[in-house]
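For reference, the structure discussed in these notes is given below.
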Amino acid sequence: MERCWRWAGLVGLALAGAAQGAVPEGAVVIGGFAIDATEVTVEAFARHAAARGLQTAAEREGGGHEYVGGWQRRPGWSYRSPSGTPAQPTDPAAHLTWFEARDYCAARGGRLPTLAEWREAAFTERRAAPSDGYERGRTYPFPVGEKPAGMNLAGTDPAAGDVWERHAPTRATRRGVNGLHDMGGNLWEWLADRRGGEALTAGGSWWYGPAQTRSEAPQWKEAGFTAVYIGFRCVYG
Ligand SMILES: [Ca+2]
């Protein structure tokens, strides 16, 4: 028995050691890695950009894109002004390329999640003491559980809290599996996975419905593309 406890203690220390120092505030440890609890915010990206004198591709090229019967460039739209009006600090940062997202995460001591990490974090509860009724070890069909309620998805279920016309502030939607917000909906999020000039995005967005939040629904996009509904978050470890 004593050996058992000692062994458990050593494992615990090893895990804590792996996570220590590399996990910024607001990230959740899933197992061998930690992941941001929310999409990267406008405030955080603005701080990153200011420190480096960074002008994003959307800013340099005259605006990011919106899909209205085809992709259209919107003058002046950027992470600072995602739909043509100034963003709030806690809004999620959109209109950033995969490269800009990758570089942001690297500057934070992290990286973009792989698809495997995304699926693990979004659908399988891994915390020792889960919140909100989630059960440790259980894999759910949606990032918020058994039903797609409470995500920001094209106003599909206002009674369940889907009340936003476009993006929602980070942490405004229902807290999901592993205590993460918006792993489904709000903004699509860049993943590390690449295929030629393309990169994967996962989770769907405020423009889509529940089907795009599922595990099998990630979509390829040009890595240099900027869109009103694509953002990202980082993993560490
Ligand atoms: Ca999202």
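Within each chain, counting starts at residue 1; across the structure tokens, chains are named A, B, ... in the order shown, with ligands numbered 1 upward in that order.
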Query - In range 10-146 of chain A, DSSP helix (DSSP H, G or I) residues written as a ChimeraX atom specification - result: /A:10-19,42-52,57-60,98-107,115-123
Could you produce a table of the residues of chain A lying within 6 Å of ligand 1, with the nearest pair of atoms per residue and their separation in Å rounded to one decimal, using only C-alpha atoms and all ligand atoms, ordered by chain and increasing residue number, as JSON lines?
{"residue": "A:Asp182", "atom": "CA", "partner": "ligand 1", "partner_atom_place_in_ligand_line": "1 (Ca)", "distance": 4.3}
{"residue": "A:Met183", "atom": "CA", "partner": "ligand 1", "partner_atom_place_in_ligand_line": "1 (Ca)", "distance": 4.5}
{"residue": "A:Gly184", "atom": "CA", "partner": "ligand 1", "partner_atom_place_in_ligand_line": "1 (Ca)", "distance": 5.1}
{"residue": "A:Gly185", "atom": "CA", "partner": "ligand 1", "partner_atom_place_in_ligand_line": "1 (Ca)", "distance": 4.7}
{"residue": "A:Asn186", "atom": "CA", "partner": "ligand 1", "partner_atom_place_in_ligand_line": "1 (Ca)", "distance": 4.9}
{"residue": "A:Leu187", "atom": "CA", "partner": "ligand 1", "partner_atom_place_in_ligand_line": "1 (Ca)", "distance": 4.2}
{"residue": "A:Trp188", "atom": "CA", "partner": "ligand 1", "partner_atom_place_in_ligand_line": "1 (Ca)", "distance": 4.9}
{"residue": "A:Glu189", "atom": "CA", "partner": "ligand 1", "partner_atom_place_in_ligand_line": "1 (Ca)", "distance": 5.6}
{"residue": "A:Gly203", "atom": "CA", "partner": "ligand 1", "partner_atom_place_in_ligand_line": "1 (Ca)", "distance": 5.3}
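For the pair CA of Arg119 in chain A and CA of Thr170 in chain A, the interatomic distance is 20.0 Å.
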**Report entry** Within 7 Å of range 147-158 of chain A using only C-alpha atoms, minus same-chain residues under 3 positions, as a PyMOL selection string
**Finding:** chain A and resi 142+144+161-165+168+173-174+182+184-186+205-210
Saved selection, atoms kept: N, CA and C atoms, as an mmCIF file, in the first residue's frame:
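Wrote it out as selection_23.cif, contents follow:
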data_model
loop_
_atom_site.group_PDB
_atom_site.id
_atom_site.type_symbol
_atom_site.label_atom_id
_atom_site.label_comp_id
_atom_site.auth_asym_id
_atom_site.auth_seq_id
_atom_site.Cartn_x
_atom_site.Cartn_y
_atom_site.Cartn_z
ATOM 1 N N PHE A 142 -20.072 16.440 -28.500
ATOM 2 C CA PHE A 142 -19.873 17.870 -28.757
ATOM 3 C C PHE A 142 -18.923 18.450 -27.701
ATOM 4 N N VAL A 144 -19.348 20.705 -25.786
ATOM 5 C CA VAL A 144 -20.079 21.104 -24.582
ATOM 6 C C VAL A 144 -20.881 19.937 -24.007
ATOM 7 N N GLY A 161 -28.823 29.915 -25.036
ATOM 8 C CA GLY A 161 -27.761 30.898 -24.833
ATOM 9 C C GLY A 161 -27.039 31.327 -26.087
ATOM 10 N N ASP A 162 -27.465 30.832 -27.257
ATOM 11 C CA ASP A 162 -26.817 31.234 -28.509
ATOM 12 C C ASP A 162 -27.482 32.522 -29.003
ATOM 13 N N VAL A 163 -27.029 33.645 -28.462
ATOM 14 C CA VAL A 163 -27.718 34.917 -28.690
ATOM 15 C C VAL A 163 -26.873 35.923 -29.472
ATOM 16 N N TRP A 164 -25.708 35.483 -29.985
ATOM 17 C CA TRP A 164 -24.808 36.433 -30.626
ATOM 18 C C TRP A 164 -25.011 36.445 -32.133
ATOM 19 N N GLU A 165 -24.990 37.634 -32.721
ATOM 20 C CA GLU A 165 -25.145 37.734 -34.174
ATOM 21 C C GLU A 165 -23.851 37.360 -34.891
ATOM 22 N N ALA A 168 -18.676 36.111 -30.178
ATOM 23 C CA ALA A 168 -18.981 36.389 -28.769
ATOM 24 C C ALA A 168 -17.677 36.652 -28.036
ATOM 25 N N THR A 173 -19.618 32.202 -23.625
ATOM 26 C CA THR A 173 -20.434 31.034 -23.972
ATOM 27 C C THR A 173 -20.320 29.975 -22.871
ATOM 28 N N ARG A 174 -21.071 28.904 -23.037
ATOM 29 C CA ARG A 174 -21.087 27.832 -22.042
ATOM 30 C C ARG A 174 -19.714 27.173 -21.913
ATOM 31 N N ASP A 182 -15.570 27.565 -26.181
ATOM 32 C CA ASP A 182 -15.550 27.769 -27.638
ATOM 33 C C ASP A 182 -14.675 26.787 -28.412
ATOM 34 N N GLY A 184 -16.024 24.437 -29.616
ATOM 35 C CA GLY A 184 -17.004 24.393 -30.696
ATOM 36 C C GLY A 184 -17.571 25.792 -30.879
ATOM 37 N N GLY A 185 -17.590 26.273 -32.107
ATOM 38 C CA GLY A 185 -18.206 27.560 -32.403
ATOM 39 C C GLY A 185 -17.374 28.768 -32.020
ATOM 40 N N ASN A 186 -18.004 29.914 -32.139
ATOM 41 C CA ASN A 186 -17.374 31.240 -32.040
ATOM 42 C C ASN A 186 -16.426 31.411 -33.224
ATOM 43 N N SER A 205 -17.785 27.728 -36.337
ATOM 44 C CA SER A 205 -17.780 29.141 -35.948
ATOM 45 C C SER A 205 -19.192 29.673 -35.824
ATOM 46 N N TRP A 206 -19.291 30.951 -35.487
ATOM 47 C CA TRP A 206 -20.602 31.591 -35.346
ATOM 48 C C TRP A 206 -21.400 31.594 -36.643
ATOM 49 N N TRP A 207 -20.748 31.319 -37.768
ATOM 50 C CA TRP A 207 -21.427 31.321 -39.064
ATOM 51 C C TRP A 207 -22.017 29.952 -39.387
ATOM 52 N N TYR A 208 -21.608 28.912 -38.639
ATOM 53 C CA TYR A 208 -21.996 27.528 -38.923
ATOM 54 C C TYR A 208 -22.898 26.976 -37.829
ATOM 55 N N GLY A 209 -23.367 25.734 -38.045
ATOM 56 C CA GLY A 209 -24.204 25.061 -37.061
ATOM 57 C C GLY A 209 -23.443 23.996 -36.288
ATOM 58 N N PRO A 210 -24.162 23.174 -35.536
ATOM 59 C CA PRO A 210 -23.529 22.173 -34.670
ATOM 60 C C PRO A 210 -22.675 21.140 -35.409
#
Query raised in the report: If we count only C-alpha atoms, what is near range 54-60 of chain A at a cut-off of 10 Å, once residues fewer than 5 positions away on the same chain are taken out, given as number ranges by chain?
Result: A: 46-49, 65, 73-80, 94-97, 99-100, 224-227
Report task. May I have the residues within 12 Å of Ser215 in chain A as a PyMOL selection string, using only C-alpha atoms and disregarding those fewer than 4 positions away in the same chain? Result -> chain A and resi 115-124+139-143+183-184+201-204+210-211+219
Writing out the chosen residues with C-alpha atoms as a compact mmCIF listing (two decimals), in the first residue's frame:
# COMPACT_ATOMS: atom_id res chain seq x y z
CA LEU A 115 -5.65 17.59 -34.55
CA ALA A 116 -5.09 14.72 -32.10
CA GLU A 117 -4.57 17.15 -29.23
CA TRP A 118 -7.60 19.16 -30.31
CA ARG A 119 -9.82 16.11 -30.27
CA GLU A 120 -8.51 14.99 -26.89
CA ALA A 121 -9.06 18.41 -25.32
CA ALA A 122 -12.41 19.15 -26.95
CA PHE A 123 -14.24 15.89 -26.42
CA THR A 124 -12.69 13.80 -23.61
CA THR A 139 -15.82 11.26 -24.46
CA TYR A 140 -18.67 13.50 -25.61
CA PRO A 141 -20.11 14.08 -29.10
CA PHE A 142 -19.87 17.87 -28.76
CA PRO A 143 -17.33 20.15 -27.04
CA MET A 183 -13.80 24.55 -28.70
CA GLY A 184 -17.00 24.39 -30.70
CA THR A 201 -9.09 24.60 -38.87
CA ALA A 202 -11.34 23.03 -36.24
CA GLY A 203 -14.46 23.67 -34.20
CA GLY A 204 -16.79 25.54 -36.55
CA PRO A 210 -23.53 22.17 -34.67
CA ALA A 211 -22.30 19.71 -37.34
CA GLN A 219 -11.62 21.86 -42.67
Query raised in the report: Leaving out Phe33 in chain A and any residue of its chain fewer than 6 positions from it, which residues lie within 7 Å of it when counting only C-alpha atoms, given as a PyMOL selection string?
Result: chain A and resi 235-237
